Amino acid sequence: MKTFKQSVKEALKYYVYALVDPRDKRIFYIGKGIGDRVFQHAEASLDEMNESLKHSKIRDIHNAGMEVEYYIIRHNLTEQEAFLVESVAIDLLTYKAFNTDHFLTNLVSGLHQWNEGIKTENEINLLYDCEKIEPLPGERLLLVSLNRTYNQSNTRGINKRESDYESARKYWAISANKAPKIDYILGIYRGIVRIVIDVKNFIPCDIAEDGTVFPKKRYAFEGDVMENSPYLNKDVNDYPFGSGGSHTYIPRDSREWH
């Protein structure tokens, strides 16, 4: 694997990089990192069991007898600055109104792309002058706080997540009775719905991915992110979590969950 000299690593600090296909000079991946992170994808692609689009692309390049080209877009950044630059670069390369024939192999969009990323004038007004949520009759909603995970530059351990989807879907200390009845998860930050997940499955968890052991069983969920949900960007301040709370429910009346 290629590496930078220690003096180069120290000068780079956090950086944002692009992986480029030498056959057509197109960027196929944007990432952020420190040290030799930019080179580690090529090493990982040697594992044939890794079937991600990114690693498949790298193997195709190697099979053609060529090497991935590496570009450092911005360097000498703090971790928080690197998150921001990465998300802006991904936005510009994936926003459908600007890009109709080429998309990145990144599995997730830029950090908070749908709410803090590229927006039309009307979308900006919808986001920051938003209406109160109007729950639809019969739908059971789990509202979860993203306050601890939304700004990933300041998170550690169990709160370190790859995306808003990962932050919203796990790990919630809810009752075994309610877990299978949840229709949608609404990820809330500063009183606004930032992400909506159409729940397809729930998973009991005794331990988190980082090794944290839960004293009581928690639940993770799987589902589809709903970019056109009527709940997205709505004000939910009428449904507070309570002091120190991390989740709440709509409807409030527990009898409606039986």
# chains A, B, ... in the order shown; residues from 1 in each chain; ligands from 1

call {"tool": "residues_around", "arguments": {"residues": "region 185-196 of chain A", "least_positions_apart": "6", "cutoff": "10 Å", "atoms": "only C-alpha atoms", "output": "short mmCIF file (atom, residue, chain, number, x, y, z; two decimals) with all heavy atoms, in the first residue's frame"}}
result
data_model
loop_
_atom_site.label_atom_id
_atom_site.label_comp_id
_atom_site.auth_asym_id
_atom_site.auth_seq_id
_atom_site.Cartn_x
_atom_site.Cartn_y
_atom_site.Cartn_z
N HIS A 112 -25.54 15.47 5.95
CA HIS A 112 -26.72 16.34 5.98
C HIS A 112 -27.01 16.97 4.62
O HIS A 112 -27.47 18.09 4.52
CB HIS A 112 -26.52 17.45 7.04
CG HIS A 112 -26.16 16.91 8.38
ND1 HIS A 112 -25.35 17.59 9.25
CD2 HIS A 112 -26.46 15.73 8.99
CE1 HIS A 112 -25.18 16.86 10.35
NE2 HIS A 112 -25.84 15.72 10.21
N TRP A 114 -29.34 16.46 2.45
CA TRP A 114 -30.72 16.81 2.10
C TRP A 114 -31.22 18.03 2.86
O TRP A 114 -32.14 18.69 2.44
CB TRP A 114 -31.65 15.64 2.31
CG TRP A 114 -31.72 15.15 3.71
CD1 TRP A 114 -30.99 14.16 4.27
CD2 TRP A 114 -32.56 15.66 4.75
NE1 TRP A 114 -31.33 14.01 5.60
CE2 TRP A 114 -32.29 14.91 5.90
CE3 TRP A 114 -33.53 16.66 4.80
CZ2 TRP A 114 -32.94 15.14 7.11
CZ3 TRP A 114 -34.17 16.88 6.01
CH2 TRP A 114 -33.88 16.14 7.15
N ASN A 115 -30.63 18.36 4.01
CA ASN A 115 -31.15 19.52 4.74
C ASN A 115 -30.21 20.71 4.72
O ASN A 115 -30.66 21.85 4.71
CB ASN A 115 -31.52 19.16 6.19
CG ASN A 115 -30.42 18.44 6.92
OD1 ASN A 115 -29.25 18.66 6.67
ND2 ASN A 115 -30.80 17.58 7.83
N GLU A 116 -28.89 20.49 4.71
CA GLU A 116 -27.96 21.61 4.69
C GLU A 116 -27.25 21.73 3.35
O GLU A 116 -26.41 22.62 3.16
CB GLU A 116 -26.93 21.45 5.82
CG GLU A 116 -27.57 21.59 7.20
CD GLU A 116 -26.58 21.35 8.33
OE1 GLU A 116 -25.40 21.06 8.03
OE2 GLU A 116 -26.98 21.46 9.49
N LEU A 127 -37.58 24.55 4.70
CA LEU A 127 -36.73 24.02 5.75
C LEU A 127 -36.67 24.91 6.97
O LEU A 127 -36.73 24.44 8.11
CB LEU A 127 -35.31 23.81 5.19
CG LEU A 127 -34.27 23.24 6.15
CD1 LEU A 127 -34.71 21.87 6.67
CD2 LEU A 127 -32.92 23.13 5.45
N TYR A 128 -36.58 26.22 6.77
CA TYR A 128 -36.35 27.13 7.90
C TYR A 128 -37.58 27.94 8.31
O TYR A 128 -37.54 28.65 9.30
CB TYR A 128 -35.17 28.04 7.59
CG TYR A 128 -33.89 27.25 7.51
CD1 TYR A 128 -33.25 27.04 6.29
CD2 TYR A 128 -33.35 26.66 8.65
CE1 TYR A 128 -32.09 26.30 6.23
CE2 TYR A 128 -32.20 25.91 8.59
CZ TYR A 128 -31.56 25.73 7.38
OH TYR A 128 -30.42 24.99 7.32
N CYS A 130 -40.68 26.29 8.63
CA CYS A 130 -41.43 25.05 8.45
C CYS A 130 -42.74 25.03 9.24
O CYS A 130 -42.88 25.69 10.26
CB CYS A 130 -40.58 23.84 8.83
SG CYS A 130 -39.87 23.94 10.47
N GLU A 131 -43.64 24.22 8.75
CA GLU A 131 -44.94 24.05 9.38
C GLU A 131 -44.86 23.03 10.51
O GLU A 131 -43.94 22.20 10.57
CB GLU A 131 -45.95 23.57 8.33
CG GLU A 131 -46.11 24.51 7.16
CD GLU A 131 -46.99 23.92 6.07
OE1 GLU A 131 -47.28 22.70 6.16
OE2 GLU A 131 -47.36 24.65 5.15
N LYS A 132 -45.85 23.06 11.38
CA LYS A 132 -45.94 22.06 12.43
C LYS A 132 -46.35 20.72 11.83
O LYS A 132 -47.09 20.67 10.84
CB LYS A 132 -46.94 22.50 13.50
CG LYS A 132 -46.48 23.68 14.34
CD LYS A 132 -47.48 23.98 15.44
CE LYS A 132 -47.01 25.15 16.30
NZ LYS A 132 -45.77 24.80 17.06
N ILE A 133 -45.86 19.66 12.44
CA ILE A 133 -46.18 18.32 11.95
C ILE A 133 -47.66 18.02 12.14
O ILE A 133 -48.27 18.45 13.12
CB ILE A 133 -45.32 17.26 12.68
CG1 ILE A 133 -45.42 15.91 11.97
CG2 ILE A 133 -45.70 17.15 14.15
CD1 ILE A 133 -44.45 14.87 12.50
N ARG A 140 -48.02 5.11 13.38
CA ARG A 140 -47.33 5.10 14.66
C ARG A 140 -45.88 5.54 14.43
O ARG A 140 -45.14 4.90 13.68
CB ARG A 140 -47.40 3.70 15.27
CG ARG A 140 -48.83 3.30 15.63
CD ARG A 140 -48.92 1.85 16.02
NE ARG A 140 -50.28 1.52 16.44
CZ ARG A 140 -50.67 0.30 16.79
NH1 ARG A 140 -49.81 -0.70 16.78
NH2 ARG A 140 -51.93 0.07 17.16
N LEU A 141 -45.51 6.60 15.10
CA LEU A 141 -44.23 7.26 14.85
C LEU A 141 -43.33 7.19 16.08
O LEU A 141 -43.77 7.45 17.20
CB LEU A 141 -44.44 8.72 14.48
CG LEU A 141 -45.53 9.03 13.45
CD1 LEU A 141 -45.64 10.53 13.23
CD2 LEU A 141 -45.25 8.32 12.13
N LEU A 142 -42.07 6.85 15.85
CA LEU A 142 -41.05 6.94 16.89
C LEU A 142 -40.19 8.16 16.58
O LEU A 142 -39.55 8.22 15.53
CB LEU A 142 -40.19 5.68 16.91
CG LEU A 142 -38.96 5.73 17.83
CD1 LEU A 142 -39.37 5.85 19.30
CD2 LEU A 142 -38.07 4.50 17.63
N LEU A 143 -40.20 9.14 17.46
CA LEU A 143 -39.39 10.34 17.31
C LEU A 143 -38.11 10.15 18.12
O LEU A 143 -38.18 9.86 19.32
CB LEU A 143 -40.13 11.58 17.81
CG LEU A 143 -41.19 12.20 16.89
CD1 LEU A 143 -42.31 11.23 16.57
CD2 LEU A 143 -41.75 13.48 17.50
N VAL A 144 -36.96 10.29 17.48
CA VAL A 144 -35.69 10.08 18.16
C VAL A 144 -34.81 11.32 18.04
O VAL A 144 -34.80 12.00 17.02
CB VAL A 144 -34.95 8.84 17.60
CG1 VAL A 144 -35.80 7.59 17.78
CG2 VAL A 144 -34.60 9.03 16.13
N SER A 145 -34.10 11.61 19.11
CA SER A 145 -33.24 12.78 19.14
C SER A 145 -31.90 12.50 18.46
O SER A 145 -31.24 11.49 18.75
CB SER A 145 -32.99 13.21 20.59
OG SER A 145 -32.02 14.25 20.64
N LEU A 146 -31.50 13.40 17.57
CA LEU A 146 -30.19 13.31 16.92
C LEU A 146 -29.20 14.30 17.52
O LEU A 146 -28.12 14.51 16.96
CB LEU A 146 -30.33 13.58 15.42
CG LEU A 146 -31.28 12.68 14.63
CD1 LEU A 146 -31.24 13.04 13.15
CD2 LEU A 146 -30.94 11.21 14.82
N ASN A 147 -29.54 14.88 18.65
CA ASN A 147 -28.70 15.93 19.22
C ASN A 147 -27.28 15.46 19.52
O ASN A 147 -26.33 16.24 19.44
CB ASN A 147 -29.34 16.48 20.49
CG ASN A 147 -30.58 17.31 20.20
OD1 ASN A 147 -30.81 17.71 19.06
ND2 ASN A 147 -31.39 17.55 21.21
N ARG A 148 -27.11 14.20 19.87
CA ARG A 148 -25.78 13.69 20.22
C ARG A 148 -24.99 13.19 19.02
O ARG A 148 -23.79 12.97 19.12
CB ARG A 148 -25.90 12.55 21.23
CG ARG A 148 -26.42 12.99 22.59
CD ARG A 148 -26.45 11.81 23.55
NE ARG A 148 -26.91 12.21 24.88
CZ ARG A 148 -27.04 11.38 25.91
NH1 ARG A 148 -26.74 10.10 25.76
NH2 ARG A 148 -27.47 11.82 27.07
N THR A 149 -25.66 12.99 17.89
CA THR A 149 -24.98 12.39 16.74
C THR A 149 -24.98 13.26 15.49
O THR A 149 -24.30 12.94 14.52
CB THR A 149 -25.67 11.05 16.39
OG1 THR A 149 -27.06 11.29 16.12
CG2 THR A 149 -25.55 10.05 17.52
N TYR A 150 -25.72 14.35 15.50
CA TYR A 150 -25.88 15.14 14.28
C TYR A 150 -24.56 15.76 13.83
O TYR A 150 -24.23 15.76 12.65
CB TYR A 150 -26.92 16.23 14.52
CG TYR A 150 -27.50 16.82 13.25
CD1 TYR A 150 -28.37 16.07 12.45
CD2 TYR A 150 -27.19 18.11 12.85
CE1 TYR A 150 -28.91 16.60 11.29
CE2 TYR A 150 -27.73 18.65 11.70
CZ TYR A 150 -28.58 17.88 10.91
OH TYR A 150 -29.12 18.40 9.78
N ASP A 164 -26.96 10.08 8.87
CA ASP A 164 -28.16 10.35 9.66
C ASP A 164 -29.03 9.10 9.76
O ASP A 164 -29.71 8.89 10.76
CB ASP A 164 -28.96 11.50 9.04
CG ASP A 164 -28.26 12.84 9.21
OD1 ASP A 164 -27.38 12.93 10.08
OD2 ASP A 164 -28.59 13.78 8.48
N TYR A 165 -29.02 8.28 8.73
CA TYR A 165 -29.78 7.02 8.76
C TYR A 165 -29.28 6.13 9.90
O TYR A 165 -30.07 5.60 10.68
CB TYR A 165 -29.65 6.29 7.43
CG TYR A 165 -30.20 4.89 7.43
CD1 TYR A 165 -31.58 4.65 7.43
CD2 TYR A 165 -29.34 3.79 7.44
CE1 TYR A 165 -32.09 3.36 7.44
CE2 TYR A 165 -29.84 2.49 7.45
CZ TYR A 165 -31.21 2.29 7.45
OH TYR A 165 -31.72 1.01 7.47
N SER A 167 -27.69 7.10 12.52
CA SER A 167 -27.97 7.76 13.79
C SER A 167 -29.42 7.55 14.21
O SER A 167 -29.71 7.34 15.39
CB SER A 167 -27.69 9.26 13.67
OG SER A 167 -26.31 9.51 13.46
N ALA A 168 -30.33 7.61 13.26
CA ALA A 168 -31.76 7.54 13.59
C ALA A 168 -32.24 6.12 13.85
O ALA A 168 -33.19 5.92 14.62
CB ALA A 168 -32.59 8.16 12.46
N ARG A 169 -31.60 5.14 13.29
CA ARG A 169 -32.15 3.78 13.36
C ARG A 169 -31.75 2.99 14.60
O ARG A 169 -32.32 1.96 14.90
CB ARG A 169 -31.79 3.00 12.10
CG ARG A 169 -30.36 2.48 12.05
CD ARG A 169 -30.14 1.68 10.77
NE ARG A 169 -28.85 0.98 10.78
CZ ARG A 169 -28.69 -0.26 11.25
NH1 ARG A 169 -29.73 -0.92 11.75
NH2 ARG A 169 -27.51 -0.84 11.23
N PHE A 221 -33.30 -0.59 13.96
CA PHE A 221 -34.31 -0.76 12.92
C PHE A 221 -33.67 -0.68 11.55
O PHE A 221 -32.60 -0.08 11.37
CB PHE A 221 -35.38 0.33 13.05
CG PHE A 221 -36.16 0.24 14.34
CD1 PHE A 221 -35.67 0.84 15.49
CD2 PHE A 221 -37.35 -0.44 14.41
CE1 PHE A 221 -36.37 0.76 16.69
CE2 PHE A 221 -38.06 -0.53 15.59
CZ PHE A 221 -37.57 0.07 16.74
N GLU A 222 -34.32 -1.29 10.59
CA GLU A 222 -33.91 -1.21 9.20
C GLU A 222 -35.10 -0.71 8.38
O GLU A 222 -36.24 -1.02 8.70
CB GLU A 222 -33.46 -2.58 8.69
CG GLU A 222 -32.23 -3.12 9.39
CD GLU A 222 -31.88 -4.54 8.97
OE1 GLU A 222 -32.80 -5.26 8.52
OE2 GLU A 222 -30.71 -4.91 9.12
N GLY A 223 -34.80 0.05 7.34
CA GLY A 223 -35.88 0.56 6.51
C GLY A 223 -35.37 1.46 5.41
O GLY A 223 -34.16 1.52 5.14
N ASP A 224 -36.29 2.16 4.78
CA ASP A 224 -35.96 3.03 3.65
C ASP A 224 -36.07 4.50 4.06
O ASP A 224 -37.05 4.90 4.71
CB ASP A 224 -36.92 2.77 2.49
CG ASP A 224 -36.86 1.33 2.00
OD1 ASP A 224 -35.75 0.76 1.99
OD2 ASP A 224 -37.92 0.78 1.65
N VAL A 225 -35.09 5.29 3.64
CA VAL A 225 -35.15 6.73 3.89
C VAL A 225 -36.17 7.34 2.93
O VAL A 225 -36.12 7.13 1.72
CB VAL A 225 -33.77 7.38 3.68
CG1 VAL A 225 -33.87 8.90 3.83
CG2 VAL A 225 -32.77 6.81 4.68
N MET A 226 -37.11 8.10 3.48
CA MET A 226 -38.18 8.71 2.68
C MET A 226 -37.87 10.18 2.43
O MET A 226 -38.06 11.03 3.31
CB MET A 226 -39.51 8.56 3.41
CG MET A 226 -39.94 7.12 3.65
SD MET A 226 -41.61 7.04 4.35
CE MET A 226 -42.59 7.72 3.01
N GLU A 227 -37.38 10.47 1.25
CA GLU A 227 -36.98 11.84 0.93
C GLU A 227 -38.17 12.74 0.64
O GLU A 227 -38.04 13.97 0.65
CB GLU A 227 -36.01 11.84 -0.25
CG GLU A 227 -34.70 11.11 0.05
CD GLU A 227 -33.72 11.17 -1.10
OE1 GLU A 227 -34.11 11.72 -2.17
OE2 GLU A 227 -32.59 10.70 -0.94
N ASN A 228 -39.34 12.16 0.37
CA ASN A 228 -40.53 12.95 0.07
C ASN A 228 -41.62 12.77 1.12
O ASN A 228 -42.80 12.99 0.84
CB ASN A 228 -41.08 12.55 -1.31
CG ASN A 228 -40.11 12.85 -2.44
OD1 ASN A 228 -39.52 13.94 -2.47
ND2 ASN A 228 -39.91 11.91 -3.33
N SER A 229 -41.24 12.39 2.31
CA SER A 229 -42.22 12.19 3.38
C SER A 229 -42.90 13.50 3.76
O SER A 229 -42.25 14.55 3.83
CB SER A 229 -41.52 11.61 4.62
OG SER A 229 -42.39 11.63 5.74
N PRO A 230 -44.21 13.47 4.04
CA PRO A 230 -44.90 14.68 4.50
C PRO A 230 -44.42 15.13 5.87
O PRO A 230 -44.71 16.25 6.28
CB PRO A 230 -46.37 14.24 4.53
CG PRO A 230 -46.33 12.75 4.68
CD PRO A 230 -45.12 12.32 3.92
N TYR A 231 -43.70 14.27 6.58
CA TYR A 231 -43.19 14.64 7.90
C TYR A 231 -41.84 15.36 7.85
O TYR A 231 -41.43 15.99 8.82
CB TYR A 231 -43.03 13.39 8.77
CG TYR A 231 -44.31 12.64 9.01
CD1 TYR A 231 -44.38 11.26 8.85
CD2 TYR A 231 -45.48 13.30 9.40
CE1 TYR A 231 -45.55 10.56 9.09
CE2 TYR A 231 -46.66 12.61 9.63
CZ TYR A 231 -46.69 11.24 9.46
OH TYR A 231 -47.85 10.56 9.70
N LEU A 232 -41.15 15.26 6.73
CA LEU A 232 -39.80 15.81 6.62
C LEU A 232 -39.81 17.34 6.75
O LEU A 232 -40.66 18.03 6.20
CB LEU A 232 -39.19 15.41 5.28
CG LEU A 232 -37.67 15.53 5.15
CD1 LEU A 232 -36.95 14.68 6.18
CD2 LEU A 232 -37.25 15.14 3.74
N ASN A 233 -38.84 17.86 7.53
CA ASN A 233 -38.69 19.31 7.74
C ASN A 233 -39.87 19.94 8.47
O ASN A 233 -40.08 21.15 8.35
CB ASN A 233 -38.46 20.04 6.40
CG ASN A 233 -37.21 19.58 5.70
OD1 ASN A 233 -36.24 19.21 6.34
ND2 ASN A 233 -37.22 19.61 4.38
N LYS A 234 -40.58 19.15 9.24
CA LYS A 234 -41.70 19.68 10.01
C LYS A 234 -41.28 19.95 11.46
O LYS A 234 -40.40 19.30 12.01
CB LYS A 234 -42.88 18.69 9.99
CG LYS A 234 -43.52 18.55 8.62
CD LYS A 234 -44.09 19.86 8.10
CE LYS A 234 -44.94 19.69 6.85
NZ LYS A 234 -44.21 19.19 5.70
N ASP A 235 -41.95 20.92 12.07
CA ASP A 235 -41.71 21.32 13.45
C ASP A 235 -42.42 20.35 14.39
O ASP A 235 -43.62 20.15 14.29
CB ASP A 235 -42.24 22.75 13.63
CG ASP A 235 -41.96 23.33 15.01
OD1 ASP A 235 -41.85 22.56 15.98
OD2 ASP A 235 -41.87 24.56 15.11
N VAL A 236 -41.67 19.75 15.33
CA VAL A 236 -42.27 18.80 16.27
C VAL A 236 -42.15 19.28 17.72
O VAL A 236 -42.19 18.48 18.65
CB VAL A 236 -41.63 17.40 16.14
CG1 VAL A 236 -41.92 16.80 14.78
CG2 VAL A 236 -40.12 17.46 16.38
N ASN A 237 -42.03 20.57 17.91
CA ASN A 237 -41.87 21.10 19.26
C ASN A 237 -43.11 20.88 20.14
O ASN A 237 -43.03 21.02 21.36
CB ASN A 237 -41.51 22.59 19.22
CG ASN A 237 -40.06 22.80 18.82
OD1 ASN A 237 -39.15 22.37 19.51
ND2 ASN A 237 -39.86 23.48 17.70
N ASP A 238 -44.23 20.54 19.52
CA ASP A 238 -45.42 20.20 20.30
C ASP A 238 -45.32 18.80 20.90
O ASP A 238 -46.20 18.40 21.67
CB ASP A 238 -46.68 20.29 19.43
CG ASP A 238 -47.05 21.73 19.10
OD1 ASP A 238 -46.55 22.64 19.80
OD2 ASP A 238 -47.82 21.94 18.14
N TYR A 239 -44.27 18.06 20.54
CA TYR A 239 -44.06 16.71 21.05
C TYR A 239 -42.66 16.60 21.66
O TYR A 239 -41.79 15.90 21.14
CB TYR A 239 -44.22 15.68 19.92
CG TYR A 239 -45.58 15.73 19.26
CD1 TYR A 239 -45.81 16.55 18.16
CD2 TYR A 239 -46.63 14.96 19.74
CE1 TYR A 239 -47.06 16.60 17.56
CE2 TYR A 239 -47.88 14.99 19.14
CZ TYR A 239 -48.09 15.83 18.05
OH TYR A 239 -49.33 15.87 17.45
N PRO A 240 -42.42 17.29 22.77
CA PRO A 240 -41.07 17.32 23.37
C PRO A 240 -40.66 15.96 23.92
O PRO A 240 -41.51 15.13 24.28
CB PRO A 240 -41.22 18.35 24.49
CG PRO A 240 -42.67 18.31 24.85
CD PRO A 240 -43.39 18.06 23.55
N PHE A 241 -39.35 15.75 23.99
CA PHE A 241 -38.81 14.51 24.52
C PHE A 241 -38.88 14.45 26.04
O PHE A 241 -38.84 13.38 26.63
CB PHE A 241 -37.35 14.33 24.09
CG PHE A 241 -37.18 14.10 22.62
CD1 PHE A 241 -36.60 15.07 21.81
CD2 PHE A 241 -37.62 12.93 22.03
CE1 PHE A 241 -36.44 14.87 20.45
CE2 PHE A 241 -37.47 12.71 20.67
CZ PHE A 241 -36.88 13.69 19.87
N SER A 246 -34.51 10.82 25.05
CA SER A 246 -33.91 10.62 23.73
C SER A 246 -34.94 10.19 22.69
O SER A 246 -34.64 10.15 21.50
CB SER A 246 -32.83 9.54 23.79
OG SER A 246 -33.39 8.30 24.21
N HIS A 247 -36.16 9.87 23.13
CA HIS A 247 -37.19 9.46 22.16
C HIS A 247 -38.57 9.69 22.75
O HIS A 247 -38.75 9.83 23.96
CB HIS A 247 -37.02 7.99 21.77
CG HIS A 247 -37.28 7.04 22.89
ND1 HIS A 247 -36.32 6.70 23.83
CD2 HIS A 247 -38.39 6.33 23.24
CE1 HIS A 247 -36.81 5.84 24.70
NE2 HIS A 247 -38.08 5.60 24.37
N THR A 248 -39.55 9.75 21.87
CA THR A 248 -40.94 9.84 22.28
C THR A 248 -41.79 9.27 21.15
O THR A 248 -41.25 8.83 20.12
CB THR A 248 -41.35 11.30 22.58
OG1 THR A 248 -42.66 11.30 23.17
CG2 THR A 248 -41.37 12.16 21.32
N TYR A 249 -43.10 9.25 21.35
CA TYR A 249 -43.98 8.58 20.40
C TYR A 249 -45.14 9.47 19.97
O TYR A 249 -45.57 10.35 20.70
CB TYR A 249 -44.58 7.31 21.02
CG TYR A 249 -43.58 6.32 21.55
CD1 TYR A 249 -43.17 6.36 22.88
CD2 TYR A 249 -43.05 5.34 20.73
CE1 TYR A 249 -42.25 5.44 23.38
CE2 TYR A 249 -42.13 4.41 21.22
CZ TYR A 249 -41.74 4.47 22.54
OH TYR A 249 -40.84 3.57 23.03
#

call {"tool": "select_by_dssp", "arguments": {"residues": "region 12-245 of chain A", "states": "strand (DSSP E)", "output": "ChimeraX atom specification"}}
result
/A:14-21,26-33,69-77,141-145,184-189,192-207,213-225

call {"tool": "residues_around", "arguments": {"residues": "region 170-181 of chain A", "least_positions_apart": "3", "cutoff": "8 Å", "atoms": "only C-alpha atoms", "output": "ChimeraX atom specification"}}
result
/A:140,166-167,201-202,205,208,216-221,247,257

call {"tool": "closest_residue", "arguments": {"among": "A:Gly211, A:Gly35, A:Gly138, A:Gly157", "to": "Ile250 (chain A)", "atoms": "only C-alpha atoms"}}
result
A:Gly138

call {"tool": "closest_residue", "arguments": {"among": "A:Ser87, A:Glu209, A:Thr94, A:Met1", "to": "Lys32 (chain A)", "atoms": "only C-alpha atoms"}}
result
A:Ser87

call {"tool": "atom_distance", "arguments": {"atom1": "CA of Pro204 (chain A)", "atom2": "CA of Asn159 (chain A)"}}
result
18.0 Å

call {"tool": "select_by_dssp", "arguments": {"residues": "region 7-255 of chain A", "states": "helix (DSSP H, G or I)", "output": "ChimeraX atom specification"}}
result
/A:7-12,37-44,53-63,79-94,113-116,121-128,152-154,157-159,164-169,179-181,254-255

call {"tool": "write_last_selection", "arguments": {"atoms": "C-alpha atoms", "output": "mmCIF file, in the first residue's frame"}}
result
data_model
loop_
_atom_site.group_PDB
_atom_site.id
_atom_site.type_symbol
_atom_site.label_atom_id
_atom_site.label_comp_id
_atom_site.auth_asym_id
_atom_site.auth_seq_id
_atom_site.Cartn_x
_atom_site.Cartn_y
_atom_site.Cartn_z
ATOM 1 C CA SER A 7 6.339 14.804 7.652
ATOM 2 C CA VAL A 8 3.691 14.848 4.904
ATOM 3 C CA LYS A 9 1.057 13.384 7.225
ATOM 4 C CA GLU A 10 1.751 16.044 9.811
ATOM 5 C CA ALA A 11 1.435 18.795 7.206
ATOM 6 C CA LEU A 12 -1.760 17.379 5.714
ATOM 7 C CA ARG A 37 -6.631 7.059 4.529
ATOM 8 C CA VAL A 38 -6.691 8.068 0.847
ATOM 9 C CA PHE A 39 -4.690 4.945 -0.099
ATOM 10 C CA GLN A 40 -6.543 2.392 2.041
ATOM 11 C CA HIS A 41 -9.409 1.822 -0.416
ATOM 12 C CA ALA A 42 -7.103 0.213 -2.966
ATOM 13 C CA GLU A 43 -5.810 -2.170 -0.308
ATOM 14 C CA ALA A 44 -9.360 -3.079 0.752
ATOM 15 C CA LEU A 53 -19.356 -0.166 -5.907
ATOM 16 C CA LYS A 54 -16.213 1.664 -4.875
ATOM 17 C CA HIS A 55 -14.100 -1.467 -4.503
ATOM 18 C CA SER A 56 -15.532 -3.010 -7.672
ATOM 19 C CA LYS A 57 -14.495 0.116 -9.556
ATOM 20 C CA ILE A 58 -10.973 -0.084 -8.128
ATOM 21 C CA ARG A 59 -10.666 -3.768 -9.109
ATOM 22 C CA ASP A 60 -11.836 -2.917 -12.649
ATOM 23 C CA ILE A 61 -9.090 -0.287 -12.880
ATOM 24 C CA HIS A 62 -6.460 -2.736 -11.616
ATOM 25 C CA ASN A 63 -7.671 -5.436 -14.018
ATOM 26 C CA GLU A 79 -12.032 17.223 11.427
ATOM 27 C CA GLN A 80 -15.131 19.420 11.432
ATOM 28 C CA GLU A 81 -13.877 21.405 8.427
ATOM 29 C CA ALA A 82 -13.155 18.147 6.597
ATOM 30 C CA PHE A 83 -16.744 16.964 7.162
ATOM 31 C CA LEU A 84 -18.041 20.211 5.664
ATOM 32 C CA VAL A 85 -15.737 20.239 2.619
ATOM 33 C CA GLU A 86 -16.488 16.570 1.919
ATOM 34 C CA SER A 87 -20.243 17.130 2.040
ATOM 35 C CA VAL A 88 -20.053 20.152 -0.291
ATOM 36 C CA ALA A 89 -17.953 18.230 -2.821
ATOM 37 C CA ILE A 90 -20.338 15.261 -2.755
ATOM 38 C CA ASP A 91 -23.299 17.617 -3.145
ATOM 39 C CA LEU A 92 -21.850 19.195 -6.270
ATOM 40 C CA LEU A 93 -21.078 15.831 -7.843
ATOM 41 C CA THR A 94 -24.373 14.104 -7.014
ATOM 42 C CA GLN A 113 -26.927 16.718 2.229
ATOM 43 C CA TRP A 114 -30.717 16.814 2.096
ATOM 44 C CA ASN A 115 -31.148 19.517 4.740
ATOM 45 C CA GLU A 116 -27.961 21.609 4.690
ATOM 46 C CA GLU A 121 -35.319 28.914 -2.893
ATOM 47 C CA ASN A 122 -38.606 27.181 -2.085
ATOM 48 C CA GLU A 123 -36.831 24.306 -0.339
ATOM 49 C CA ILE A 124 -34.876 26.729 1.854
ATOM 50 C CA ASN A 125 -38.106 28.403 2.926
ATOM 51 C CA LEU A 126 -39.703 25.031 3.642
ATOM 52 C CA LEU A 127 -36.725 24.020 5.750
ATOM 53 C CA TYR A 128 -36.352 27.128 7.895
ATOM 54 C CA GLN A 152 -20.187 13.913 13.906
ATOM 55 C CA SER A 153 -16.979 15.912 14.357
ATOM 56 C CA ASN A 154 -17.645 15.940 18.098
ATOM 57 C CA GLY A 157 -17.808 5.662 20.760
ATOM 58 C CA ILE A 158 -21.386 4.530 20.394
ATOM 59 C CA ASN A 159 -22.443 7.896 18.936
ATOM 60 C CA ASP A 164 -28.158 10.353 9.659
ATOM 61 C CA TYR A 165 -29.776 7.023 8.765
ATOM 62 C CA GLU A 166 -27.395 5.166 11.067
ATOM 63 C CA SER A 167 -27.972 7.759 13.794
ATOM 64 C CA ALA A 168 -31.760 7.541 13.587
ATOM 65 C CA ARG A 169 -32.150 3.782 13.356
ATOM 66 C CA ALA A 179 -40.823 -2.108 18.656
ATOM 67 C CA PRO A 180 -42.738 -4.221 16.079
ATOM 68 C CA LYS A 181 -45.520 -1.656 15.772
ATOM 69 C CA SER A 254 -50.300 4.441 24.940
ATOM 70 C CA ARG A 255 -53.688 2.777 24.508
#
